[in-house]
2 protein chains.
Amino acid sequence: MTGDRAARLDGVGKVTGEALYVMDFALPGMLHGAVLRSPHPHALIRAIDTAPARGMPGVRAVLCAADIPAVRIGQAVRDNAVFATDRVRFAGQPVAAVAATTLAEARAALAAIRVDYETLPGVYDVEDALLEDAPLVHPEWAGYEAIPILLREGNRTARARLRVGDVEAGFAAAHRIFEHRFTTGYVHPGYTEPRVAIARWEGTVQATIWTSTQLPFDTQADLALLLQMPPSRLHVLTLTVGGGFGGKLRLGMEPFALLLARAARRPVKVVCSTEEELTAAYPRQGSVVTLRTGVDSQGRLLAKQGRILVDTGAAATSGPLVASSATMMLAGPYLTPNLLLEGVAAYTNKATAGSFRAPAGPMGNFAVESQMDIIADAMGIDPLELRLRNIVREDDLGASGSRLRGVGLEECLRRAAEAIGWQDRKPGPHRGKGLAIGWWMTTGGSSGVYAKLNPDGTVLLISGAVEIGTGALTGVAQLLAEALGLRLEEVSIGGGDTHGAPYDLGSQGSRTLFCVGNAALAAAADLRGQLFVLATKHLEAPVEAMALREGAVWAGNRSIAIAQLARQAQLSGGGLIGHGTYIAPAMPHDASRTENHQSPAWNAPSFHAHASEVSVDPATGEVTIERYVVAQDVGFAVNPTWIEGQIEGGVAQGIGQALSEEIVYRDGIVANANLTDYKMPTIRDVPNVETILVTHPATLGPRGAKGVGEPPCIEPPAALANAIAAATGLRMTNLPITAEKIAMAREAAA
Amino acid sequence: MTGDRAARLDGVGKVTGEALYVMDFALPGMLHGAVLRSPHPHALIRAIDTAPARGMPGVRAVLCAADIPAVRIGQAVRDNAVFATDRVRFAGQPVAAVAATTLAEARAALAAIRVDYETLPGVYDVEDALLEDAPLVHPEWAGYEAIPILLREGNRTARARLRVGDVEAGFAAAHRIFEHRFTTGYVHPGYTEPRVAIARWEGTVQATIWTSTQLPFDTQADLALLLQMPPSRLHVLTLTVGGGFGGKLRLGMEPFALLLARAARRPVKVVCSTEEELTAAYPRQGSVVTLRTGVDSQGRLLAKQGRILVDTGAAATSGPLVASSATMMLAGPYLTPNLLLEGVAAYTNKATAGSFRAPAGPMGNFAVESQMDIIADAMGIDPLELRLRNIVREDDLGASGSRLRGVGLEECLRRAAEAIGWQDRKPGPHRGKGLAIGWWMTTGGSSGVYAKLNPDGTVLLISGAVEIGTGALTGVAQLLAEALGLRLEEVSIGGGDTHGAPYDLGSQGSRTLFCVGNAALAAAADLRGQLFVLATKHLEAPVEAMALREGAVWAGNRSIAIAQLARQAQLSGGGLIGHGTYIAPAMPHDASRTENHQSPAWNAPSFHAHASEVSVDPATGEVTIERYVVAQDVGFAVNPTWIEGQIEGGVAQGIGQALSEEIVYRDGIVANANLTDYKMPTIRDVPNVETILVTHPATLGPRGAKGVGEPPCIEPPAALANAIAAATGLRMTNLPITAEKIAMAREAAA
């Protein structure tokens with residue numbers, strides 16, 4: 001039943017180690033591919049000589065840009081190719097690739113490829129990128145295909161605005177005005193299974209791609225574009241996926257595997273190494289936020305003006321969308337009569353950034369929620385009280401003019417504060433508590449579900465969304481089972497591939513349970529209708545009188561087992577399949593408030609409050625998280641256990657960004673491309689996360705559920721920065737807040 | 001378009017060698033399994049000691065009957081287990097199995113298993129099996145679960161009767177009566193890819209089985225029964241299948257792979273060796289036919305009494321059904337007012353026989369059509385003329401009382417005779433021509449098809465039937481493409497597995513194009529309806545005014561591309577899928593004519609005439625087939641090329657059974673378990689087959705098509721025996737008609 005803490009359907013394989021990942025998979029006769037990457041952050045390519053590699057032992061294929069169709073892809077703008085052609089734009093950009101019998105042979109062949117580079121000055125800081133005389137990352141991009149609202153101004157790719165009221169008038173009326181600047185760096189999604197793909201061709205007409213992707217259908221479409229062939233000829237399959245976090249939305253190793261396999265006429269596997277992950281994956285964008293906020297004498301927000309500048313690296317991918325969404329994060333779940341918020345995305349000569357979990361979330365939230373605490377301190381108002389005076393409540397308008405329903409924010413805030421013991425904010429020396437609140441969207445988009453009746457009366461749930469480790473598909477299965485009167489163990493999960501499954505926008509944007517769940521309910525209704533028609537002659541009752549429960553169709557006190565109907569349907573013609581689809585309706589908003597905005601209307605927004613207690617070592621600056629509380633309004637908890645799992649995992653990632661993680665660039669070169677120097681939190685760094693599930697049902701969600709996957713990583717930086725400030729009196733405005741930075745700030749302050 | 005000689009969709013992979021067969025497939029960490037088989041045809045098992053094998057190098061699992069659920073399976077009667085328990089019933093019966101790191105290690109471990117046998121007298125001749133004091137193959141079978149009409153009389157498992165008129169009165173009125181006896185032996189289906197399976201478990205709850213099967217759903221059901229688990233937990237997948245011919249209908253290596261993989265907790269592959277194929281596969285039943293036929297003075301058939309005794313070996317499998325069908329073959333496509341035909345199936349201590357292509361066909365036809373020539377010769381009537389006086393024509397009643405429609409037999413007969421130059425039956429010394437005619441059923445049963453619209457407007461045809469090499473699914477794709485106004489290359493084929501595909505009775509009984517094709521037309525209608533609804537707002541026309549052609553929906557002179565509707569459907573919710581099902585309606589027949597009969601009503605019967613010309617070496621008896629003509633009434637030729645391919649392949653198999661193939665038993669042991677001594681025809685033995693496609697449409701078939709796959713192997717033994725008789729004057733009544741037998745018969749005659 002929904003609401004039950006049922007074991008996840010993908011659990012047994014994962015805990016026994018028997019789940020099959022693409023990383024562990026192999027095909028007979030399979031070759032191994034490796035990618036040659038640019039050592040320079042910005043350079044012209046004068047010549048590439050792959051000939052020396054071609055004759056080397058075990059080598060079966062060598063490719064560079066000249067060997068493949070000249071096609072660029074990209075979401076907002078087609079600014080990205082498989083291999084660099086005349087120019088490399090970041091250190092780590094693919095230049096060539098080799099397939100050989102062994103990985104060692106492939107790597108040896110890479111070393112034999114000669115590339116003649118002419119190095120160029122690069123731009124590695126996103127604020128520098130906006131300067132008049134900055135080197136252009138894409139000098140020729142006027143010719144690229146792009147969405148209409150794309151900006152092509154120097155290195156700027158996007159500028160989105162959110163405008164409410166008259167911000168100057170607001171500031172004029174303000175009692176006090178606060179202005180601050182916050183920065184964050186690149187962070188890696190940190191999935192356990194690296195990006196990996198295996199491709200196999202049959203003739204030149206069709207290929208199968210096994211890949212660890214979140215989006216089989218996007219992968220299919222992008223690969224089809226790259227290879228200039230119909231998408232239907234590419235069968236994209238996932239196996240078990242070892243985490244995604246938005247880092248596996250865009251093409252990873254698939255193009256290399258696919259192109260090498262075609263050239264070699266053998267299956268090819270390409271695995272992304274840790275060094276490649278940290279230099280050439282899709283990290284979270286870096287950001288620079290400036291925020292000017294005016295309040296009245298009671299601390300009520302009167303006006304906010306701000307800009308977030310996101311660093312998209314060498315290609316835009318989701319950067320323009322992130323810049324849009326970030327304006328909503330800068331507004332936050334607050335009532336502010338006057339707003340002028342701007343999101344700008346710009347290129348630099350660094351790795352292409354992507355869509356890491358709540359892509360615009362932590363950077364915007366870190367600025368807003370840090371500043372709220374600064375304002376509270378300056379005004380002598382308790383930070384909890386300041387927030388309570390300003391937050392949105394039921395039926396309020398959000399920043400973009402959408403009417404908000406199911407707003408559990410006040411409950412989240414009060415319960416988190418109560419749980420952390422907020423009345424005692426500074427419980428001891430070097431010890432302090434911090435609060436942060438936020439909101440986030442539930443992504444919409446199209447989902448289809450097939451509910452296929454098995455011969456034993458159980459049901460196979462076939463979805464094009466991938467179980468990326470969240471447990472969301474177990475939740476969908478719970479919805480489906482309940483709707484069909486089955487037990488959860490009578491539903492199994494299939495699909496996750498482009499051929500067997502219906503189209504799905506995929507496992508991204510906290511949408512899986514929301515959209516796929518709604519589609520599953522529609523599929524259940526379809527299957528139920530078919531079962532009822534089959535049952536009429538057994539039950540001698542009209543379908544209107546029928547109901548499904550306990551594995552049977554009932555009419556009054558007569559019943560027939562679904563298993564019996566399944567056998568009958570099979571014997572009489574191919575069995576039954578229910579097909580349901582869902583797409584979230586467009587959320588009304590006030591279009592006059594937005595400009596070049598890609599994300600103005602949020603479905604089923606979620607609300608959250610995080611509270612932390614830290615102690616800070618006065619000598620070293622080391623932060624110990626003593627307690628961590630999350631109160632999250634999830635609308636309805638289809639399976640509380642796995643929502644708690646999402647919250648715990650999201651907090652862990654948030655802690656990483658808050659305290660230790662950053663891909664450090666020195667002159668355009670990653671200085672810490674290994675998991676010793678790039679410090680992800682371990683089990684010793686993550687406290688027990690105390691979770692409070694608040695349930696103010698969303699209008700559209702299945703049983704009221706809202707998206708829950710992304711939000712938990714949004715607030716930890718602010719919640720921890722605020723606690724650190726309470727413990728130390730130091731206001732840290734640059735992530736990650738490492739022990740070194742705290743110690744140095746303490747020294748500077750002393 | 002249907003009727004086109006389109007290239008088959010599975011062709012490229014097969015001719016390039018890139019098609020992936022289970023035989024070529026492997027999983028990471030996969031073990032290799034091998035099966036210990038009884039060396040004795042009949043023995044009690046006193047003890048099995050597997051302990052010595054368990055500690056051997058590389059060994060990961062050892063199993064015998066004691067280690068697995070005590071479950072018997074079987075079609076008509078559950079008389080078959082995975083491993084022998086207390087008794088072995090044929091030489092080659094599985095007794096134990098081992099999984100090890102290498103096949104050599106597995107085989108070494110098999111050799112270490114100690115089995116203590118007490119040998120028993122066996123029965124190896126099917127006529128001996130009927131004797132009062134014959135050893136019983138299944139002494140305890142009164143306790144087996146079975147279908148109601150199963151006979152349990154000594155070794156007899158089935159007796160089916162077909163009775164028309166009063167046969168004694170018919171004989172009393174006859175001008176002459178002819179009585180003969182014909183025998184045939186075991187024949188192997190001879191698929192190119194041996195039976196092979198790979199199994200992989202995830203926990204103890206679910207398994208994936210890659211197997212070279214014709215029937216994924218039957219495999220799923222039988223494995224579920226064996227393992228006592230729900231079928232839905234077993235995902236049965238096929239890859240490319242290297243031929244089936246009915247030999248891959250029943251469980252092959254799957255139980256061993258599945259049980260060993262569960263025990264070893266590693267994937268396991270089990271391949272059937274050639275020796276195992278020839279000793280323990282599912283060969284065609286051997287048979288003994290006695291036939292007594294009375295004719296009037298003009299050669300018109302007045303009465304026929306006959307019995308076919310089929311040798312099912314150690315388990316019944318399809319033997320009882322074959323005995324039933326064989327009575328229809330003994331009747332043949334002739335009008336005979338009085339019939340008393342009996343089919344009996346009996347056990348022997350030999351390999352379990354199965355359902356090789358047209359299971360009751362060649363043995364029944366060999367007897368009937370040989371005897372027709374004997375009668376013609378004796379009566380001084382031309383064999384062609386004798387047949388023309390007796391064959392069924394449009395609207396006649398068949399032997400079981402079904403009204404026959406679409407009867408192209410006379411056309412087949414006349415055209416085959418014309419093509420072979422029948423007017424000159426004995427064109428030279430040692431040279432002669434032979435004719436044989438026959439009929440066969442198109443198996444019905446349930447089929448489902450999904451027609452899934454791809455994002456590019458092409459369609460994926462998902463069927464649970466497997467492309468076993470016939471090209472039938474290309475024909476289904478042609479039907480689907482035509483119905484949707486698409487080109488054939490815009491349809492691709494998926495499915496062939498139990499999870500992704502709708503239920504299908506599978507690729508057997510010449511039913512694939514007939515049933516799956518009809519289901520595909522229903523799926524096309526479903527998808528078409530959905531496309532029309534989507535098109536209404538674009539075309540501003542009612543769906544009644546719409547049509548599909550050239551990849552678009554048309555209303556008057558306005559149109560919208562299917563590809564555009566596909567994108568729209570994807571963006572607005574999961575895309576479109578059409579679902580169609582088909583089951584052939586029950587064919588009316590006269591129930592008073594049959595007794596314990598499993599196959600009295602034939603859907604869409606096909607009619608065929610074969611004509612051959614041979615020369616026979618007078619010294620050695622060697623037969624050279626100079627010409628071979630087949631005229632087959634296929635109803636409608638959806639793709640003439642692949643029907644011709646079926647005819648050529650079927651004739652090749654028929655030639656094998658006619659002239660060289662037999663699994664030879666000596667005291668219950670196969671004497672020729674290798675492909676040197678078991679002589680399948682090679683390309684040097686098979687002549688160019690001249691094919692004439694006759695098209696008298698079937699009422700139910702898609703566009704009138706009838707089943708075409710099985711028939712071509714039915715008539716070659718009789719057509720060749722009759723040609724040999726014409727060339728030599730020798731009447732051979734025992735298959736195969738080897739050169740040695742001809743030479744010996746000539747010597748005996750001289």
# chains A, B, ... in the order shown; residues from 1 in each chain; ligands from 1
>>> interface_residues(of="chain B", to="chain A", cutoff="7 Å", atoms="only C-alpha atoms", output="ChimeraX atom specification")
/B:12-13,16,18-19,24-28,202-203,230-232,446-448,454,456,458,500,502-504,570-575,581-583
>>> select_by_dssp(residues="stretch 71-129 of chain A", states="helix (DSSP H, G or I)", output="list of chain:residue names")
A:Leu103, A:Ala104, A:Glu105, A:Ala106, A:Arg107, A:Ala108, A:Ala109, A:Leu110, A:Ala111, A:Ala112, A:Asp128, A:Ala129
>>> write_last_selection(atoms="all heavy atoms", output="mmCIF file, in the first residue's frame")
data_model
loop_
_atom_site.group_PDB
_atom_site.id
_atom_site.type_symbol
_atom_site.label_atom_id
_atom_site.label_comp_id
_atom_site.auth_asym_id
_atom_site.auth_seq_id
_atom_site.Cartn_x
_atom_site.Cartn_y
_atom_site.Cartn_z
ATOM 1 N N LEU A 103 42.466 -2.585 -22.571
ATOM 2 C CA LEU A 103 42.497 -1.169 -22.234
ATOM 3 C C LEU A 103 43.936 -0.652 -22.267
ATOM 4 O O LEU A 103 44.195 0.480 -22.705
ATOM 5 C CB LEU A 103 41.871 -0.961 -20.849
ATOM 6 C CG LEU A 103 41.718 0.479 -20.393
ATOM 7 C CD1 LEU A 103 40.914 1.311 -21.381
ATOM 8 C CD2 LEU A 103 41.046 0.532 -19.014
ATOM 9 N N ALA A 104 44.871 -1.478 -21.835
ATOM 10 C CA ALA A 104 46.277 -1.060 -21.845
ATOM 11 C C ALA A 104 46.732 -0.775 -23.271
ATOM 12 O O ALA A 104 47.428 0.213 -23.533
ATOM 13 C CB ALA A 104 47.142 -2.145 -21.203
ATOM 14 N N GLU A 105 46.322 -1.620 -24.197
ATOM 15 C CA GLU A 105 46.694 -1.394 -25.600
ATOM 16 C C GLU A 105 46.037 -0.116 -26.130
ATOM 17 O O GLU A 105 46.658 0.642 -26.880
ATOM 18 C CB GLU A 105 46.264 -2.586 -26.454
ATOM 19 C CG GLU A 105 47.119 -3.824 -26.231
ATOM 20 C CD GLU A 105 46.530 -5.075 -26.884
ATOM 21 O OE1 GLU A 105 45.293 -5.119 -27.116
ATOM 22 O OE2 GLU A 105 47.296 -6.018 -27.139
ATOM 23 N N ALA A 106 44.802 0.113 -25.732
ATOM 24 C CA ALA A 106 44.116 1.329 -26.191
ATOM 25 C C ALA A 106 44.839 2.562 -25.664
ATOM 26 O O ALA A 106 45.041 3.536 -26.391
ATOM 27 C CB ALA A 106 42.657 1.308 -25.725
ATOM 28 N N ARG A 107 45.239 2.510 -24.405
ATOM 29 C CA ARG A 107 45.929 3.669 -23.822
ATOM 30 C C ARG A 107 47.308 3.870 -24.444
ATOM 31 O O ARG A 107 47.746 5.000 -24.666
ATOM 32 C CB ARG A 107 46.040 3.502 -22.311
ATOM 33 C CG ARG A 107 44.681 3.702 -21.639
ATOM 34 C CD ARG A 107 44.764 3.650 -20.135
ATOM 35 N NE ARG A 107 43.474 3.999 -19.550
ATOM 36 C CZ ARG A 107 43.081 3.656 -18.327
ATOM 37 N NH1 ARG A 107 43.891 2.971 -17.542
ATOM 38 N NH2 ARG A 107 41.897 4.009 -17.882
ATOM 39 N N ALA A 108 47.986 2.765 -24.728
ATOM 40 C CA ALA A 108 49.285 2.882 -25.386
ATOM 41 C C ALA A 108 49.115 3.539 -26.746
ATOM 42 O O ALA A 108 49.935 4.382 -27.161
ATOM 43 C CB ALA A 108 49.924 1.495 -25.528
ATOM 44 N N ALA A 109 48.057 3.200 -27.444
ATOM 45 C CA ALA A 109 47.821 3.786 -28.771
ATOM 46 C C ALA A 109 47.491 5.270 -28.658
ATOM 47 O O ALA A 109 47.910 6.073 -29.495
ATOM 48 C CB ALA A 109 46.696 3.032 -29.474
ATOM 49 N N LEU A 110 46.751 5.648 -27.632
ATOM 50 C CA LEU A 110 46.454 7.072 -27.426
ATOM 51 C C LEU A 110 47.754 7.866 -27.342
ATOM 52 O O LEU A 110 47.877 8.961 -27.901
ATOM 53 C CB LEU A 110 45.684 7.290 -26.123
ATOM 54 C CG LEU A 110 44.223 6.826 -26.037
ATOM 55 C CD1 LEU A 110 43.625 7.300 -24.720
ATOM 56 C CD2 LEU A 110 43.408 7.344 -27.211
ATOM 57 N N ALA A 111 48.699 7.289 -26.625
ATOM 58 C CA ALA A 111 49.966 8.000 -26.407
ATOM 59 C C ALA A 111 50.732 8.204 -27.718
ATOM 60 O O ALA A 111 51.582 9.082 -27.808
ATOM 61 C CB ALA A 111 50.829 7.222 -25.408
ATOM 62 N N ALA A 112 50.402 7.394 -28.718
ATOM 63 C CA ALA A 112 51.115 7.507 -29.991
ATOM 64 C C ALA A 112 50.492 8.538 -30.931
ATOM 65 O O ALA A 112 51.078 8.887 -31.951
ATOM 66 C CB ALA A 112 51.160 6.136 -30.674
ATOM 67 N N ASP A 128 35.692 37.122 -15.024
ATOM 68 C CA ASP A 128 36.610 37.543 -16.084
ATOM 69 C C ASP A 128 35.978 37.326 -17.460
ATOM 70 O O ASP A 128 36.231 38.075 -18.408
ATOM 71 C CB ASP A 128 37.915 36.739 -16.022
ATOM 72 C CG ASP A 128 38.755 37.097 -14.801
ATOM 73 O OD1 ASP A 128 38.435 38.109 -14.135
ATOM 74 O OD2 ASP A 128 39.712 36.355 -14.520
ATOM 75 N N ALA A 129 35.179 36.253 -17.550
ATOM 76 C CA ALA A 129 34.590 35.912 -18.849
ATOM 77 C C ALA A 129 33.691 37.011 -19.379
ATOM 78 O O ALA A 129 33.446 37.104 -20.589
ATOM 79 C CB ALA A 129 33.808 34.599 -18.732
#
>>> atom_distance(atom1="atom CA of A:Glu411", atom2="atom CA of A:Ile437")
11.4 Å
>>> residues_around(residues="B:Ala315", least_positions_apart="2", cutoff="9 Å", atoms="only C-alpha atoms", output="MDAnalysis selection string")
chainID B and resid 74 77:80 89 137:138 312:313 317 319 347:348 350:353
>>> write_last_selection(atoms="C-alpha atoms", output="mmCIF file, in the first residue's frame")
data_model
loop_
_atom_site.group_PDB
_atom_site.id
_atom_site.type_symbol
_atom_site.label_atom_id
_atom_site.label_comp_id
_atom_site.auth_asym_id
_atom_site.auth_seq_id
_atom_site.Cartn_x
_atom_site.Cartn_y
_atom_site.Cartn_z
ATOM 1 C CA GLY B 74 5.069 -32.782 -19.877
ATOM 2 C CA VAL B 77 1.286 -36.321 -19.334
ATOM 3 C CA ARG B 78 3.795 -35.186 -16.733
ATOM 4 C CA ASP B 79 6.237 -38.012 -17.268
ATOM 5 C CA ASN B 80 9.502 -36.134 -17.528
ATOM 6 C CA ARG B 89 14.634 -44.706 -19.211
ATOM 7 C CA VAL B 137 8.958 -47.753 -19.481
ATOM 8 C CA HIS B 138 6.778 -46.025 -16.862
ATOM 9 C CA THR B 312 7.573 -41.478 -28.515
ATOM 10 C CA GLY B 313 10.650 -42.794 -26.717
ATOM 11 C CA THR B 317 5.738 -34.963 -25.008
ATOM 12 C CA GLY B 319 3.464 -38.038 -29.108
ATOM 13 C CA TYR B 347 6.875 -45.486 -25.030
ATOM 14 C CA THR B 348 10.206 -47.147 -25.709
ATOM 15 C CA LYS B 350 14.885 -44.426 -26.458
ATOM 16 C CA ALA B 351 15.343 -40.676 -26.546
ATOM 17 C CA THR B 352 12.161 -38.701 -26.018
ATOM 18 C CA ALA B 353 10.750 -37.721 -29.397
#
>>> atom_distance(atom1="atom CA of A:Pro600", atom2="atom CA of A:Val634")
21.0 Å
>>> residues_around(residues="A:Phe182", least_positions_apart="2", cutoff="12 Å", atoms="only C-alpha atoms", output="ChimeraX atom specification")
/A:179-180,184-185,286-292,306-310,330,362-371,717-718,721,731-737
>>> decode(residues="stretch 151-168 of chain A", atoms="N, CA, C and O atoms", output="short mmCIF file (atom, residue, chain, number, x, y, z; two decimals), in the first residue's frame")
data_model
loop_
_atom_site.label_atom_id
_atom_site.label_comp_id
_atom_site.auth_asym_id
_atom_site.auth_seq_id
_atom_site.Cartn_x
_atom_site.Cartn_y
_atom_site.Cartn_z
N LEU A 151 21.30 34.13 -25.60
CA LEU A 151 22.07 35.36 -25.73
C LEU A 151 23.41 34.99 -26.37
O LEU A 151 23.95 33.94 -26.09
N ARG A 152 23.91 35.82 -27.25
CA ARG A 152 25.25 35.54 -27.81
C ARG A 152 26.07 36.81 -27.65
O ARG A 152 26.40 37.47 -28.63
N GLU A 153 26.37 37.14 -26.44
CA GLU A 153 27.02 38.41 -26.15
C GLU A 153 28.35 38.10 -25.51
O GLU A 153 28.42 37.76 -24.32
N GLY A 154 29.42 38.14 -26.28
CA GLY A 154 30.73 37.76 -25.75
C GLY A 154 30.68 36.31 -25.31
O GLY A 154 30.37 35.43 -26.10
N ASN A 155 30.96 36.06 -24.04
CA ASN A 155 30.87 34.70 -23.52
C ASN A 155 29.54 34.42 -22.83
O ASN A 155 29.32 33.32 -22.33
N ARG A 156 28.64 35.43 -22.81
CA ARG A 156 27.34 35.23 -22.16
C ARG A 156 26.42 34.40 -23.06
O ARG A 156 26.24 34.71 -24.24
N THR A 157 25.80 33.37 -22.49
CA THR A 157 24.87 32.54 -23.28
C THR A 157 23.43 32.75 -22.87
O THR A 157 22.53 32.33 -23.58
N ALA A 158 23.20 33.34 -21.72
CA ALA A 158 21.81 33.47 -21.27
C ALA A 158 21.71 34.60 -20.26
O ALA A 158 22.64 34.88 -19.49
N ARG A 159 20.58 35.28 -20.31
CA ARG A 159 20.25 36.22 -19.27
C ARG A 159 18.74 36.14 -19.06
O ARG A 159 17.96 36.49 -19.93
N ALA A 160 18.34 35.65 -17.90
CA ALA A 160 16.91 35.53 -17.57
C ALA A 160 16.60 36.52 -16.46
O ALA A 160 17.45 36.79 -15.59
N ARG A 161 15.40 37.08 -16.52
CA ARG A 161 15.04 38.04 -15.48
C ARG A 161 13.71 37.71 -14.87
O ARG A 161 12.80 37.20 -15.53
N LEU A 162 13.61 38.06 -13.59
CA LEU A 162 12.36 37.95 -12.84
C LEU A 162 12.17 39.33 -12.23
O LEU A 162 13.06 39.83 -11.53
N ARG A 163 11.03 39.96 -12.53
CA ARG A 163 10.84 41.34 -12.11
C ARG A 163 9.45 41.47 -11.51
O ARG A 163 8.44 41.12 -12.13
N VAL A 164 9.39 41.95 -10.29
CA VAL A 164 8.11 42.15 -9.59
C VAL A 164 8.13 43.56 -9.00
O VAL A 164 9.14 43.97 -8.39
N GLY A 165 7.04 44.28 -9.17
CA GLY A 165 6.92 45.61 -8.57
C GLY A 165 8.01 46.55 -9.06
O GLY A 165 8.47 46.47 -10.20
N ASP A 166 8.42 47.43 -8.17
CA ASP A 166 9.42 48.45 -8.53
C ASP A 166 10.51 48.39 -7.48
O ASP A 166 10.36 48.86 -6.35
N VAL A 167 11.61 47.74 -7.87
CA VAL A 167 12.64 47.45 -6.88
C VAL A 167 13.28 48.74 -6.35
O VAL A 167 13.61 48.84 -5.16
N GLU A 168 13.40 49.77 -7.20
CA GLU A 168 14.00 51.02 -6.73
C GLU A 168 13.11 51.68 -5.68
O GLU A 168 13.58 52.16 -4.65
#
